[in-house]
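*Asks:* First, the structure itself, so that you have it in front of you.
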Amino acid sequence: MAAAASAAAYQTVSPTGQLYGKAFCGLPPESRQIALTFDDGPNDPHTLNLLDILSKHSVPATFFLIGRYVRQRPDIAAEISKRGHAIGNHTFTHPLLTFQSGAHIRAEIQQCSSAITDAVGQHTNLFRPPWGGRRPGLFSIVREIGLEPVMWNITGYDWNAPSMAFIEKKVTREVRGGNVVLLHDGGHVAFGADRSKTVAVVNRLIVKYKSEGFEFVDIPAMMRRM
């Protein structure tokens, strides 16, 4: 019983776990695709700097935005959309949904969707839970609202990384193809988190993997390959 309870608890945060509902987290390696995803924006100036890097390399990405930051800087959210990137829902205030009621979950998702719609108009139906936290029934609620859950299969651990080399190593040791890479252009605690290391690493990752024949795509494009 203890082992079963431990396994169930692990599934609440395991990015590739499917116990609490199916979520997209990548493709088989033979796809040779990589999807860069960024959580916790929009953020000034690092989201804008990141957009410049992506534009320089003609790489599409997917941004999971926090609604309260979208309300604060709708201009940055609009710029993400203008540059052709996919935008997903990351709740309004970034709570751990494992411990939230159904009503609270719906309110968080709907408020975020409203903020994004006001800022950019039409956007994707993608959703990512903060911290990847899940509980039984969460994804049923998400799908009832009309969204599709997206997780990841590589993380750069960039939210408190000691160096660019640390982030780069965390990503490169896992890339095989069909990867959804979790990085951050903002921080959930407060607007203005320093993500300069992430921006620099993204430039290096794009150069490296383009030279090795990988294709960078956004999440909608990758999901169409399913």
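Chain labels run A, B, ... following the order of the structure tokens; each chain numbers its residues from 1, and ligands are numbered from 1 in the order shown.
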For Ser163 (chain A), work out the shell of residues within 10 Å, counting only C-alpha atoms and skipping chain neighbours fewer than 4 positions away, then give it as a PyMOL selection string.

*Replies:* chain A and resi 158+167-168+197-198+201

*Asks:* Enumerate, as number ranges by chain, the complete set of residues in region 38-138 of chain A that a backbone-based DSSP assignment places in strand (DSSP E or B).

*Replies:* A: 38-41, 62-65, 86-89, 126-127

*Asks:* For those residues, write C-alpha atoms to a file as a tab-separated table (two decimals), in the first residue's frame.

*Replies:*
```
chain	number	residue	atom	x	y	z
A	38	PHE	CA	8.50	28.70	-22.09
A	39	ASP	CA	6.49	29.09	-18.90
A	40	ASP	CA	5.65	31.97	-16.55
A	41	GLY	CA	5.77	34.94	-18.94
A	62	THR	CA	5.26	27.92	-27.50
A	63	PHE	CA	4.66	30.26	-24.55
A	64	PHE	CA	2.47	29.25	-21.61
A	65	LEU	CA	1.46	32.59	-20.09
A	86	ALA	CA	1.90	29.65	-30.09
A	87	ILE	CA	0.40	30.85	-26.83
A	88	GLY	CA	-1.04	28.56	-24.16
A	89	ASN	CA	-2.82	28.92	-20.82
A	126	LEU	CA	-3.21	24.51	-25.05
A	127	PHE	CA	-2.93	24.30	-21.27
```

*Asks:* Using only C-alpha atoms, can you tell me which of A:Ala200, A:Val180, A:Leu138, A:Met151 comes closest to Ala221 (chain A)?

*Replies:*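 With only C-alpha atoms as the atom set, the closest residue is A:Val180.
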
*Asks:* Point out the residue among A:Ala78, A:Phe24, A:Arg176, A:Val207 with the least atom-to-atom distance to Leu147 (chain A), counting only C-alpha atoms.

*Replies:* A:Phe24

*Asks:* Determine the nearest neighbour of Arg128 (chain A) from the options A:His85, A:Arg173, A:His104, A:His94, counting only C-alpha atoms.

*Replies:*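 Going through A:His85, A:Arg173, A:His104, A:His94 one by one, the smallest distance to Arg128 (chain A) is for A:His94.
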
*Asks:* Quick one: residues within 12 Å of Glu212 (chain A), only C-alpha atoms, excluding same-chain residues fewer than 5 positions away - as a JSON list (two decimals) with N, CA and C atoms, in the first residue's frame?

*Replies:*
```
[["chain", "number", "residue", "atom", "x", "y", "z"],
["A", 32, "ARG", "N", 12.68, 13.57, -35.01],
["A", 32, "ARG", "CA", 13.76, 14.55, -35.14],
["A", 32, "ARG", "C", 13.26, 15.99, -34.95],
["A", 33, "GLN", "N", 12.21, 16.14, -34.16],
["A", 33, "GLN", "CA", 11.69, 17.47, -33.87],
["A", 33, "GLN", "C", 11.97, 17.84, -32.41],
["A", 34, "ILE", "N", 12.10, 19.14, -32.18],
["A", 34, "ILE", "CA", 12.24, 19.69, -30.84],
["A", 34, "ILE", "C", 11.27, 20.85, -30.70],
["A", 175, "VAL", "N", 18.27, 15.18, -25.05],
["A", 175, "VAL", "CA", 17.69, 15.34, -26.40],
["A", 175, "VAL", "C", 17.95, 14.10, -27.25],
["A", 176, "ARG", "N", 16.86, 13.55, -27.78],
["A", 176, "ARG", "CA", 16.93, 12.42, -28.71],
["A", 176, "ARG", "C", 16.09, 12.68, -29.96],
["A", 177, "GLY", "N", 15.18, 13.62, -29.86],
["A", 177, "GLY", "CA", 14.18, 13.89, -30.89],
["A", 177, "GLY", "C", 12.80, 13.64, -30.33],
["A", 205, "LEU", "N", 21.44, 26.36, -27.94],
["A", 205, "LEU", "CA", 20.73, 25.13, -28.26],
["A", 205, "LEU", "C", 20.25, 25.12, -29.71],
["A", 206, "ILE", "N", 19.72, 26.25, -30.15],
["A", 206, "ILE", "CA", 19.23, 26.32, -31.53],
["A", 206, "ILE", "C", 20.37, 26.09, -32.52],
["A", 207, "VAL", "N", 21.49, 26.76, -32.30],
["A", 207, "VAL", "CA", 22.64, 26.61, -33.19],
["A", 207, "VAL", "C", 23.10, 25.15, -33.21]]
```

*Asks:* Taking the backbone alone, and naming residues the way the document does, which bits of region 1-221 of chain A are alpha helix (DSSP H) by DSSP, as a PyMOL selection string?

*Replies:* chain A and resi 2-11+46-57+67-72+74-82+102-120+138-145+164-172+196-211+219-221

*Asks:* Those residues with C-alpha atoms, as a PDB file, in the first residue's frame please?

*Replies:*
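This is the output file part.pdb:
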```
ATOM      1  CA  ALA A   2       2.849   2.377   0.830  1.00  0.00           C
ATOM      2  CA  ALA A   3       4.447   1.722  -2.550  1.00  0.00           C
ATOM      3  CA  ALA A   4       1.155   2.345  -4.339  1.00  0.00           C
ATOM      4  CA  ALA A   5       0.616   5.582  -2.443  1.00  0.00           C
ATOM      5  CA  SER A   6       4.147   6.711  -3.243  1.00  0.00           C
ATOM      6  CA  ALA A   7       3.654   5.933  -6.940  1.00  0.00           C
ATOM      7  CA  ALA A   8       0.363   7.840  -7.007  1.00  0.00           C
ATOM      8  CA  ALA A   9       1.980  10.840  -5.338  1.00  0.00           C
ATOM      9  CA  TYR A  10       4.820  10.801  -7.861  1.00  0.00           C
ATOM     10  CA  GLN A  11       2.322  10.812 -10.712  1.00  0.00           C
ATOM     11  CA  HIS A  46      13.656  38.672 -21.110  1.00  0.00           C
ATOM     12  CA  THR A  47      10.625  37.591 -23.129  1.00  0.00           C
ATOM     13  CA  LEU A  48      11.401  40.307 -25.660  1.00  0.00           C
ATOM     14  CA  ASN A  49      15.083  39.324 -25.784  1.00  0.00           C
ATOM     15  CA  LEU A  50      14.070  35.712 -26.277  1.00  0.00           C
ATOM     16  CA  LEU A  51      11.747  36.683 -29.122  1.00  0.00           C
ATOM     17  CA  ASP A  52      14.687  38.373 -30.846  1.00  0.00           C
ATOM     18  CA  ILE A  53      16.775  35.184 -30.567  1.00  0.00           C
ATOM     19  CA  LEU A  54      13.954  33.061 -31.962  1.00  0.00           C
ATOM     20  CA  SER A  55      13.388  35.498 -34.822  1.00  0.00           C
ATOM     21  CA  LYS A  56      17.085  35.531 -35.672  1.00  0.00           C
ATOM     22  CA  HIS A  57      16.995  31.761 -36.194  1.00  0.00           C
ATOM     23  CA  GLY A  67      -2.841  35.591 -16.842  1.00  0.00           C
ATOM     24  CA  ARG A  68      -1.982  38.226 -14.244  1.00  0.00           C
ATOM     25  CA  TYR A  69       1.225  39.046 -16.117  1.00  0.00           C
ATOM     26  CA  VAL A  70      -0.702  39.267 -19.374  1.00  0.00           C
ATOM     27  CA  ARG A  71      -2.967  41.829 -17.694  1.00  0.00           C
ATOM     28  CA  GLN A  72       0.140  43.701 -16.557  1.00  0.00           C
ATOM     29  CA  PRO A  74      -0.545  42.850 -22.727  1.00  0.00           C
ATOM     30  CA  ASP A  75       1.879  44.475 -25.173  1.00  0.00           C
ATOM     31  CA  ILE A  76       4.447  41.714 -24.629  1.00  0.00           C
ATOM     32  CA  ALA A  77       1.808  39.012 -25.017  1.00  0.00           C
ATOM     33  CA  ALA A  78       0.707  40.678 -28.242  1.00  0.00           C
ATOM     34  CA  GLU A  79       4.304  40.739 -29.483  1.00  0.00           C
ATOM     35  CA  ILE A  80       4.634  36.977 -28.867  1.00  0.00           C
ATOM     36  CA  SER A  81       1.586  36.427 -31.044  1.00  0.00           C
ATOM     37  CA  LYS A  82       2.722  38.943 -33.662  1.00  0.00           C
ATOM     38  CA  GLY A 102     -12.861  22.204  -9.347  1.00  0.00           C
ATOM     39  CA  ALA A 103     -14.425  25.661  -9.111  1.00  0.00           C
ATOM     40  CA  HIS A 104     -11.078  27.295  -8.384  1.00  0.00           C
ATOM     41  CA  ILE A 105      -9.402  25.441 -11.246  1.00  0.00           C
ATOM     42  CA  ARG A 106     -12.085  26.578 -13.690  1.00  0.00           C
ATOM     43  CA  ALA A 107     -11.796  30.172 -12.508  1.00  0.00           C
ATOM     44  CA  GLU A 108      -7.997  30.174 -12.866  1.00  0.00           C
ATOM     45  CA  ILE A 109      -8.135  28.776 -16.387  1.00  0.00           C
ATOM     46  CA  GLN A 110     -11.007  30.943 -17.575  1.00  0.00           C
ATOM     47  CA  GLN A 111      -9.502  34.162 -16.181  1.00  0.00           C
ATOM     48  CA  CYS A 112      -6.223  33.385 -17.923  1.00  0.00           C
ATOM     49  CA  SER A 113      -7.981  32.647 -21.213  1.00  0.00           C
ATOM     50  CA  SER A 114      -9.867  35.917 -20.938  1.00  0.00           C
ATOM     51  CA  ALA A 115      -6.678  37.880 -20.311  1.00  0.00           C
ATOM     52  CA  ILE A 116      -4.918  36.278 -23.288  1.00  0.00           C
ATOM     53  CA  THR A 117      -7.915  36.807 -25.577  1.00  0.00           C
ATOM     54  CA  ASP A 118      -8.094  40.475 -24.607  1.00  0.00           C
ATOM     55  CA  ALA A 119      -4.384  40.889 -25.345  1.00  0.00           C
ATOM     56  CA  VAL A 120      -3.915  38.858 -28.527  1.00  0.00           C
ATOM     57  CA  LEU A 138      -7.967  17.852 -13.422  1.00  0.00           C
ATOM     58  CA  PHE A 139      -7.595  17.087 -17.104  1.00  0.00           C
ATOM     59  CA  SER A 140     -11.284  16.253 -17.353  1.00  0.00           C
ATOM     60  CA  ILE A 141     -11.999  19.803 -16.193  1.00  0.00           C
ATOM     61  CA  VAL A 142      -9.408  21.168 -18.626  1.00  0.00           C
ATOM     62  CA  ARG A 143     -11.003  19.340 -21.542  1.00  0.00           C
ATOM     63  CA  GLU A 144     -14.516  20.355 -20.499  1.00  0.00           C
ATOM     64  CA  ILE A 145     -13.347  23.962 -20.841  1.00  0.00           C
ATOM     65  CA  MET A 164      24.262  28.733 -18.393  1.00  0.00           C
ATOM     66  CA  ALA A 165      26.341  25.550 -18.553  1.00  0.00           C
ATOM     67  CA  PHE A 166      24.077  23.940 -15.948  1.00  0.00           C
ATOM     68  CA  ILE A 167      20.935  24.615 -18.017  1.00  0.00           C
ATOM     69  CA  GLU A 168      22.560  23.527 -21.255  1.00  0.00           C
ATOM     70  CA  LYS A 169      23.788  20.249 -19.762  1.00  0.00           C
ATOM     71  CA  LYS A 170      20.348  19.414 -18.340  1.00  0.00           C
ATOM     72  CA  VAL A 171      18.838  19.767 -21.807  1.00  0.00           C
ATOM     73  CA  THR A 172      21.540  18.309 -24.042  1.00  0.00           C
ATOM     74  CA  SER A 196      19.116  36.116 -19.057  1.00  0.00           C
ATOM     75  CA  LYS A 197      20.810  32.707 -18.660  1.00  0.00           C
ATOM     76  CA  THR A 198      17.884  30.993 -20.365  1.00  0.00           C
ATOM     77  CA  VAL A 199      17.932  33.453 -23.273  1.00  0.00           C
ATOM     78  CA  ALA A 200      21.632  32.831 -23.864  1.00  0.00           C
ATOM     79  CA  VAL A 201      21.262  29.055 -23.639  1.00  0.00           C
ATOM     80  CA  VAL A 202      18.373  29.038 -26.121  1.00  0.00           C
ATOM     81  CA  ASN A 203      20.618  30.661 -28.688  1.00  0.00           C
ATOM     82  CA  ARG A 204      23.253  27.968 -28.154  1.00  0.00           C
ATOM     83  CA  LEU A 205      20.729  25.130 -28.261  1.00  0.00           C
ATOM     84  CA  ILE A 206      19.232  26.319 -31.535  1.00  0.00           C
ATOM     85  CA  VAL A 207      22.641  26.606 -33.195  1.00  0.00           C
ATOM     86  CA  LYS A 208      23.693  23.165 -31.930  1.00  0.00           C
ATOM     87  CA  TYR A 209      20.614  21.204 -32.886  1.00  0.00           C
ATOM     88  CA  LYS A 210      19.972  22.911 -36.201  1.00  0.00           C
ATOM     89  CA  SER A 211      23.523  21.934 -37.187  1.00  0.00           C
ATOM     90  CA  ILE A 219       3.512  22.440 -29.968  1.00  0.00           C
ATOM     91  CA  PRO A 220       0.544  22.649 -32.396  1.00  0.00           C
ATOM     92  CA  ALA A 221       2.821  21.555 -35.252  1.00  0.00           C
TER      93      ALA A 221
END
```
